[in-house]
Amino acid sequence: MKVGLFAPCYIDQFYPQAAVATLELLERLGCDVAYPRGQTCCGQPMANAGCAAAAEAAHRHIAACFEEFDYVVGPSGSCVLHLREYVEGAPSARYYELCQFLVEVLQVERLDAAFPCRVGLHASCHGLRGLRLARASERQEPPFDYVACLLDMVDGVERVPLDRPDECCGFGGMFAVEEEAVSVRMGADRLADHLRQNVEVITGTDMSCLMHLEGLIRRRNLPLRVVHVAEILNGSGEARNA
Amino acid sequence: MHDPTHDLMDDGARLAAADRSARVRHADRAARFVADAGQTDWHDAVLWRIRGKRDAAAGRVEGWERLRALASEIKEHTLSRLDEYLAAFEEAATANGAQVHWAADADAHNRIVRDLLRARGVRRVVKSKSMLTEECGLNPYLEARGFKVVDTDLGERIVQLREEPPSHLVAPAIHVRKEEIAALFHEKLGTPADADDPRLLAAAMREDLRARFLAADAAITGVNFAVASTGALVLVTNEGNADLGAHLAPAHIACMGIEKLIPKPEHLGVFLRLLARSATGQPLSVYTSYFRRPAPGRELHVVLVDNGRSRRLAQPDFRAALKCIRCGACLNTCPVYRRSGGHSYGATPSGPIGAILAPGMDMKRYASLPFASSLCGSCSDVCPVKIDIHAQLHRWRQVAAREGYVSWPKRWGMRVAGWIVRSPRRYRLAGRLVRGWLRHAPRRLRYGPWNAWGRQRELPRAPDRSFGEWYAAERGKK
Amino acid sequence: MSRKRRHNALGRAERSAQNGSRAREAILEAVRRAGAPFAPLPSIVGATDMGTGEALTARFMASAQAASATVRIVEAGGVEAAVREAFPGAASVASASPAWGFEQADPAAEASALARLDVLVCPGAFGVAENGAVWLAESGMGSRVAPFLAQHLVLALDHSAIVPDMHAACDRLETFGEGYGAFVAGPSKTADIEQTLVIGAHGPRSLTVLLT
């Protein structure tokens with residue numbers, strides 16, 4: 001199975017360890033993974049700012065980068081959702097968020113990883129409601145949660161339930177700066193929930209939400225840290241020891 | 001013979017028009033709201049509790065999601081044949097003895113109501129909750145012409161006495177604390193100065209309004225649903241105020257947007273199962289009244305209002321907003337609304353639904369509202385008629401940018417970003433520069449006043465190597 | 001209002017009626033021109049199966065109680081006694097139905113007199129199990145406003161007249177021939193002050209449902 005690794009721009013530049021973990025994990029699960037070096041940005045920031053036209057070239061470019069692959073997998077629900085909505089076109093989904101790919105395509109049932117920690121799972125909205133990686137709390141249907149399911153395969157992970165299972169963290173791209181006051185307040189509320197449950201590590205599918213939460217954690221010197229879910233599922237040593 | 005008030009626009013309307021021309025800056029208003037942390041805590045918690053009640057009530061209905069789909073399809077159907085249903089409704093309502101009036105816009109609506117009131121020598125009007133009359137600015141219009149208009153829903157009455165708009169579709173005074181209401185009622189109703197027990201306050205208003213109900217010359221109400229096949233109007237309240245007003249006054253004027261139609265009574269069942277559960281978590285509101293014929297000797301008037309609705313119906317990207325049944329569930333679930341308050345939107349209705357309705361009415365004034373969202377999508381998932389609210393917010397952003405309502409630094413920033421990421425070479429260079437700057441620039445420079453991110457948050461720690469550089473070094477030979 | 005002003009106002013009403021018919025055509029034309037593509041009307045599925053008989057009655061009672069109504073099961077012919085027992089101090093009890101021995105509610109009564117009425121007893125047409133609502137037709141009210149003005153409302157309901165849900169309830173409205181009716185689920189209430197529930201907003205302070 002030929003898999004193209006999609007490393008969203010901010011992961012490529014600021015959080016390479018999440019992309020490394022994604023690559024290693026997919027390889028260990030038997031995928032033939034390649035990283036097209038020419039890829040840049042999916043164009044989501046421009047579209048969310050109301051300037052989708054400015055992203056058209058980016059859409060064409062990224063489509064060309066991944067033309068030859070059966071699947072394109074990336075560690076970011078938000079960017080993958082954007083690719084599905086703006087680039088895909090075809091009805092059969094080819095762009096996958098990592099956890100969705102592990103559950104729906106690879107149908108992973110066990111993982112060889114350990115992460116002995118109290119972990120709070122932040123359900124990023126675009127993965128949750130756009131890609132349906134879990135049942136959103138407002139929907140009346142049988143519960144399921146891909147990411148939680150995968151985390152539970154990792155030795156030692158103590159997944160902690162939150163008071164509000166899927167409240168938005170307030171990142172929202174440009175929203176984080178344009179609506180700075182509300183964004184920060186939303187992030188602080190999200191962190192307070194994790195702190196109430198004595199969470200040690202907040203994880204999630206989207207490093208962008210975690211970047212926003214990490215910014216608050218570091219400014220406020222809170223006893224929390226953020227780790228991308230790919231690193232936990234991969235059993236990356238750095239994630240455990242950081 | 002000339003009536004000087006007839007043609008002249010009065011001061012109230014002029015002031016309202018001037019106020020409407022100012023741009024709403026949601027972020028600034030929201031920042032002021034959030035600055036009061038205690039109030040924000042309370043506002044968020046109380047609305048989240050309503051969302052919890054909604055979840056529980058929806059969970060007790062077998063096939064909730066199917067019911068939502070059904071409601072959505074019924075509305076889509078009705079909108080796709082709206083001209084036929086409007087004509088059928090008019091015919092049935094007229095046969096029932098009601099009088100049907102048509103208003104192309106807010107001004108026409110207000111004039112029709114005014115003329116009906118004047119022709120009957122009305123002075124005192126009682127009004128039950130109607131988002132349409134808020135939209136049309138009916139209260140200030142009538143008050144400027146000497147009518148005494150009293151809102152009778154408790155929450156509406158509170159905001160009327162405070163001289164401010166409602167902040168929530170269903171709970172208009174949700175932003176007001178009981179201590180403030182105690183002070184207000186002390187001043188207006190003569191309740192004891194520090195009496196803030198909600199039961200006592202509500203009882204005082206009951207006494208005050210009962211006298212007004214009994215003395216009213218006309219009642220104005222909104223409409224929740226209008227049934228095309230029977231010509232009936234359906235009104236839903238918990239307090240009973242719509243019925244008290246409509247049954248006691250000699251004339252009942254019901255004002256409705258043309259999108260309120262449903263085909264037949266059997267369809268009413270679908271919406272009534274969804275409405276109260278979505279709004280408050282009740283399985284049904286206390287009173288669901290079915291007005292078919294006026295009572296003997298009484299008058300029933302129905303004002304059908306377009307005011308931009310047919311224009312929206314012509315917009316494929318935005319017509320689904322016309323399915324709205326005004327339950328307020330999207331407000332309660334919205335993490336931004338809960339932390340910024342209804343008044344931060346400067347529009348009625350407020351919240352996510354307001355943020356997709358208002359730009360269609362006045363883009364210049366409301367261009368910031370589609371951006372007052374993290375696009376979390378919860379609004380679309382709670383919506384009982386499955387309006388794609390968050391997707392419409394996204395599309396309104398495109399319209400705002402296209403029509404020049406996005407600031408030029410942002411527009412140009414996005415254009416430059418688009419130009420950079422078109423080329424892998426430019427993208428890598430930009431990445432190296434940003435990382436180098438984050439790693440080496442003095443903190444003072446990185447956290448300048450221009451940096452909204454950094455006001456309360458640290459910037460990410462930039463690594464030495466990007467993933468692309470790591471891949472080239474470690475896997476390049478493969 | 002002077003006669004002259006009233007004359008002007010009526011003249012304006014006529015003119016606005018002419019404008020109204022222009023507005024009507026313009027609105028209908030704009031709606032037609034909007035060109036919303038045809039969407040089929042779905043048939044309604046998903047009626048609730050709650051069993052029959054006792055299960056339905058039990059569900060109705062639980063729903064009505066959850067809506068702050070008091071529900072009592074009374075013997076046939078026991079309505080008067082149940083009302084006297086529930087409201088021992090009531091000075092005035094009236095009903096529009098001759099079935100019981102209460103004072104007859106006067107359809108032409110002054111509203112201020114109705115507002116002083118302690119208890120109004122009405123026959124409910126049918127109940128709805130999923131939400132505890134009772135359908136009250138105009139003919140059972142005395143006057144439309146009476147059930148809203150009386151201080152306390154009592155609804156007598158035949159226990160065999162309970163339907164499972166609002167689908168079944170609204171199906172009955174297809175053939176409803178009266179001018180007005182209402183679903184009543186509990187006493188009037190408000191939560192507009194800090195979301196604190198207050199019973200007895202503008203209408204009755206209590207609702208009692210007597211299941212016969």
# chains A, B, ... in the order shown; residues from 1 in each chain; ligands from 1

call {"tool": "select_by_dssp", "arguments": {"residues": "chain C", "states": "strand (DSSP E)", "output": "ChimeraX atom specification"}}
result
/C:70-73,93-95,103-104,119-123,126-128,133-137,152-157,162-163,180-184,189-190,198-199,206-211

call {"tool": "select_by_dssp", "arguments": {"residues": "segment 23-131 of chain B", "states": "alpha helix (DSSP H)", "output": "count of residues only"}}
result
78

call {"tool": "interface_residues", "arguments": {"of": "chain A", "to": "chain B", "cutoff": "7 Å", "atoms": "only C-alpha atoms", "output": "MDAnalysis selection string"}}
result
chainID A and resid 12:14 16 19 37:41 46 48:52 54:55 57:58 61 125:126 129 138:140 168 170:172 175:182 211 215:216 218:219

call {"tool": "interface_residues", "arguments": {"of": "chain C", "to": "chain B", "cutoff": "7 Å", "atoms": "only C-alpha atoms", "output": "PyMOL selection string"}}
result
chain C and resi 1+6+9-10+12-13+20+23-24+27-28+30-32+34-42+46+111+131+144-145+148+166-167+170-171+173-174+179-190+192-194+196+198+201-203

call {"tool": "residues_around", "arguments": {"residues": "segment 52-69 of chain C", "least_positions_apart": "6", "cutoff": "8 Å", "atoms": "only C-alpha atoms", "output": "PyMOL selection string"}}
result
(chain B and resi 282+286) or (chain C and resi 127-133+159-160+162-164+185-187+206-209)

call {"tool": "closest_atom_pairs", "arguments": {"of": "segment 99-189 of chain A", "to": "segment 194-207 of chain A", "cutoff": "6 Å", "atoms": "only C-alpha atoms", "output": "tab-separated table"}}
result
residue	atom	partner	partner_atom	distance
A:Arg118	CA	A:Val199	CA	5.2
A:Val119	CA	A:Val201	CA	4.9
A:Gly120	CA	A:Ile202	CA	4.8
A:Leu121	CA	A:Thr203	CA	5.2
A:His122	CA	A:Gly204	CA	5.1

call {"tool": "closest_residue", "arguments": {"among": "C:Ser21, C:Phe126, C:Ala168, C:Glu80", "to": "Thr48 of chain C", "atoms": "only C-alpha atoms"}}
result
C:Ala168

call {"tool": "residues_around", "arguments": {"residues": "segment 68-82 of chain A", "least_positions_apart": "4", "cutoff": "7 Å", "atoms": "only C-alpha atoms", "output": "list in words"}}
result
Met1, Lys2, Val3, Gly4, Leu5, Phe6, Ala7, Pro8, Ala19, Thr22, Cys42, Gln44, Tyr86, Arg94, Tyr95, Tyr96, Glu97, Leu98, His126, Gly127, Gly130, Leu131, Thr205, Asp206 and Met207 of chain A

call {"tool": "write_last_selection", "arguments": {"atoms": "N, CA and C atoms", "output": "mmCIF file, in the first residue's frame"}}
result
data_model
loop_
_atom_site.group_PDB
_atom_site.id
_atom_site.type_symbol
_atom_site.label_atom_id
_atom_site.label_comp_id
_atom_site.auth_asym_id
_atom_site.auth_seq_id
_atom_site.Cartn_x
_atom_site.Cartn_y
_atom_site.Cartn_z
ATOM 1 N N MET A 1 0.844 -1.199 0.000
ATOM 2 C CA MET A 1 0.000 0.000 0.000
ATOM 3 C C MET A 1 0.879 1.249 0.000
ATOM 4 N N LYS A 2 0.703 2.049 -1.016
ATOM 5 C CA LYS A 2 1.561 3.221 -1.164
ATOM 6 C C LYS A 2 0.931 4.432 -0.478
ATOM 7 N N VAL A 3 1.598 4.888 0.563
ATOM 8 C CA VAL A 3 1.046 5.977 1.361
ATOM 9 C C VAL A 3 1.910 7.229 1.231
ATOM 10 N N GLY A 4 1.260 8.332 0.929
ATOM 11 C CA GLY A 4 1.974 9.604 0.907
ATOM 12 C C GLY A 4 1.842 10.275 2.259
ATOM 13 N N LEU A 5 2.954 10.664 2.817
ATOM 14 C CA LEU A 5 2.901 11.357 4.116
ATOM 15 C C LEU A 5 2.674 12.841 3.884
ATOM 16 N N PHE A 6 1.614 13.315 4.472
ATOM 17 C CA PHE A 6 1.290 14.734 4.378
ATOM 18 C C PHE A 6 1.667 15.363 5.720
ATOM 19 N N ALA A 7 2.680 16.249 5.696
ATOM 20 C CA ALA A 7 3.106 16.937 6.925
ATOM 21 C C ALA A 7 2.678 18.389 6.821
ATOM 22 N N PRO A 8 1.589 18.765 7.506
ATOM 23 C CA PRO A 8 1.109 20.150 7.427
ATOM 24 C C PRO A 8 2.226 21.134 7.759
ATOM 25 N N ALA A 19 5.535 14.584 12.866
ATOM 26 C CA ALA A 19 5.615 13.999 11.518
ATOM 27 C C ALA A 19 6.532 12.780 11.520
ATOM 28 N N THR A 22 4.608 9.949 12.937
ATOM 29 C CA THR A 22 3.616 9.470 11.967
ATOM 30 C C THR A 22 4.286 8.559 10.938
ATOM 31 N N CYS A 42 -1.621 23.357 2.929
ATOM 32 C CA CYS A 42 -2.871 22.894 2.323
ATOM 33 C C CYS A 42 -3.760 24.046 1.889
ATOM 34 N N GLN A 44 -5.531 25.986 4.021
ATOM 35 C CA GLN A 44 -6.625 26.228 4.958
ATOM 36 C C GLN A 44 -6.601 27.627 5.583
ATOM 37 N N TYR A 86 -11.649 20.810 -0.284
ATOM 38 C CA TYR A 86 -11.224 21.702 -1.366
ATOM 39 C C TYR A 86 -10.461 21.009 -2.476
ATOM 40 N N ARG A 94 -9.533 9.789 -0.053
ATOM 41 C CA ARG A 94 -8.159 9.321 -0.207
ATOM 42 C C ARG A 94 -7.276 10.005 0.836
ATOM 43 N N TYR A 95 -7.694 11.174 1.277
ATOM 44 C CA TYR A 95 -6.938 11.907 2.296
ATOM 45 C C TYR A 95 -7.412 11.474 3.679
ATOM 46 N N TYR A 96 -6.489 11.068 4.519
ATOM 47 C CA TYR A 96 -6.847 10.560 5.839
ATOM 48 C C TYR A 96 -6.079 11.254 6.942
ATOM 49 N N GLU A 97 -6.799 11.531 8.001
ATOM 50 C CA GLU A 97 -6.137 11.869 9.256
ATOM 51 C C GLU A 97 -5.558 10.556 9.788
ATOM 52 N N LEU A 98 -4.436 10.648 10.490
ATOM 53 C CA LEU A 98 -3.700 9.452 10.901
ATOM 54 C C LEU A 98 -4.580 8.428 11.631
ATOM 55 N N HIS A 126 -12.443 19.825 14.111
ATOM 56 C CA HIS A 126 -12.545 19.449 12.701
ATOM 57 C C HIS A 126 -12.444 17.940 12.518
ATOM 58 N N GLY A 127 -11.629 17.304 13.351
ATOM 59 C CA GLY A 127 -11.574 15.841 13.325
ATOM 60 C C GLY A 127 -12.878 15.258 13.839
ATOM 61 N N GLY A 130 -15.941 17.200 11.545
ATOM 62 C CA GLY A 130 -15.727 17.199 10.100
ATOM 63 C C GLY A 130 -15.438 15.797 9.600
ATOM 64 N N LEU A 131 -14.498 15.117 10.256
ATOM 65 C CA LEU A 131 -14.111 13.781 9.815
ATOM 66 C C LEU A 131 -14.842 12.686 10.581
ATOM 67 N N THR A 205 -5.305 14.991 18.012
ATOM 68 C CA THR A 205 -4.935 14.744 16.630
ATOM 69 C C THR A 205 -4.395 15.994 15.949
ATOM 70 N N ASP A 206 -4.633 17.159 16.566
ATOM 71 C CA ASP A 206 -4.278 18.404 15.884
ATOM 72 C C ASP A 206 -3.293 19.221 16.691
ATOM 73 N N MET A 207 -2.094 19.335 16.149
ATOM 74 C CA MET A 207 -1.043 20.056 16.845
ATOM 75 C C MET A 207 -1.374 21.550 16.952
#

call {"tool": "closest_residue", "arguments": {"among": "A:Val87, A:Pro143, A:Ala34, A:Ala113", "to": "Glu56 of chain A", "atoms": "only C-alpha atoms"}}
result
A:Val87

call {"tool": "residues_around", "arguments": {"residues": "segment 163-167 of chain B", "least_positions_apart": "4", "cutoff": "6 Å", "atoms": "only C-alpha atoms", "output": "number ranges by chain"}}
result
B: 159, 172, 342-343

call {"tool": "write_last_selection", "arguments": {"atoms": "N, CA and C atoms", "output": "PDB file, in the first residue's frame"}}
result
ATOM      1  N   VAL B 159     -35.648  43.228  29.418  1.00  0.00           N
ATOM      2  CA  VAL B 159     -34.761  43.983  28.527  1.00  0.00           C
ATOM      3  C   VAL B 159     -35.452  45.241  28.000  1.00  0.00           C
ATOM      4  N   PRO B 172     -34.240  36.020  26.670  1.00  0.00           N
ATOM      5  CA  PRO B 172     -33.780  37.354  26.236  1.00  0.00           C
ATOM      6  C   PRO B 172     -32.929  38.081  27.271  1.00  0.00           C
ATOM      7  N   GLY B 342     -24.713  37.732  24.075  1.00  0.00           N
ATOM      8  CA  GLY B 342     -25.501  38.027  22.882  1.00  0.00           C
ATOM      9  C   GLY B 342     -25.277  39.423  22.329  1.00  0.00           C
ATOM     10  N   HIS B 343     -25.012  40.377  23.216  1.00  0.00           N
ATOM     11  CA  HIS B 343     -24.884  41.757  22.730  1.00  0.00           C
ATOM     12  C   HIS B 343     -23.598  41.985  21.934  1.00  0.00           C
TER      13      HIS B 343
END
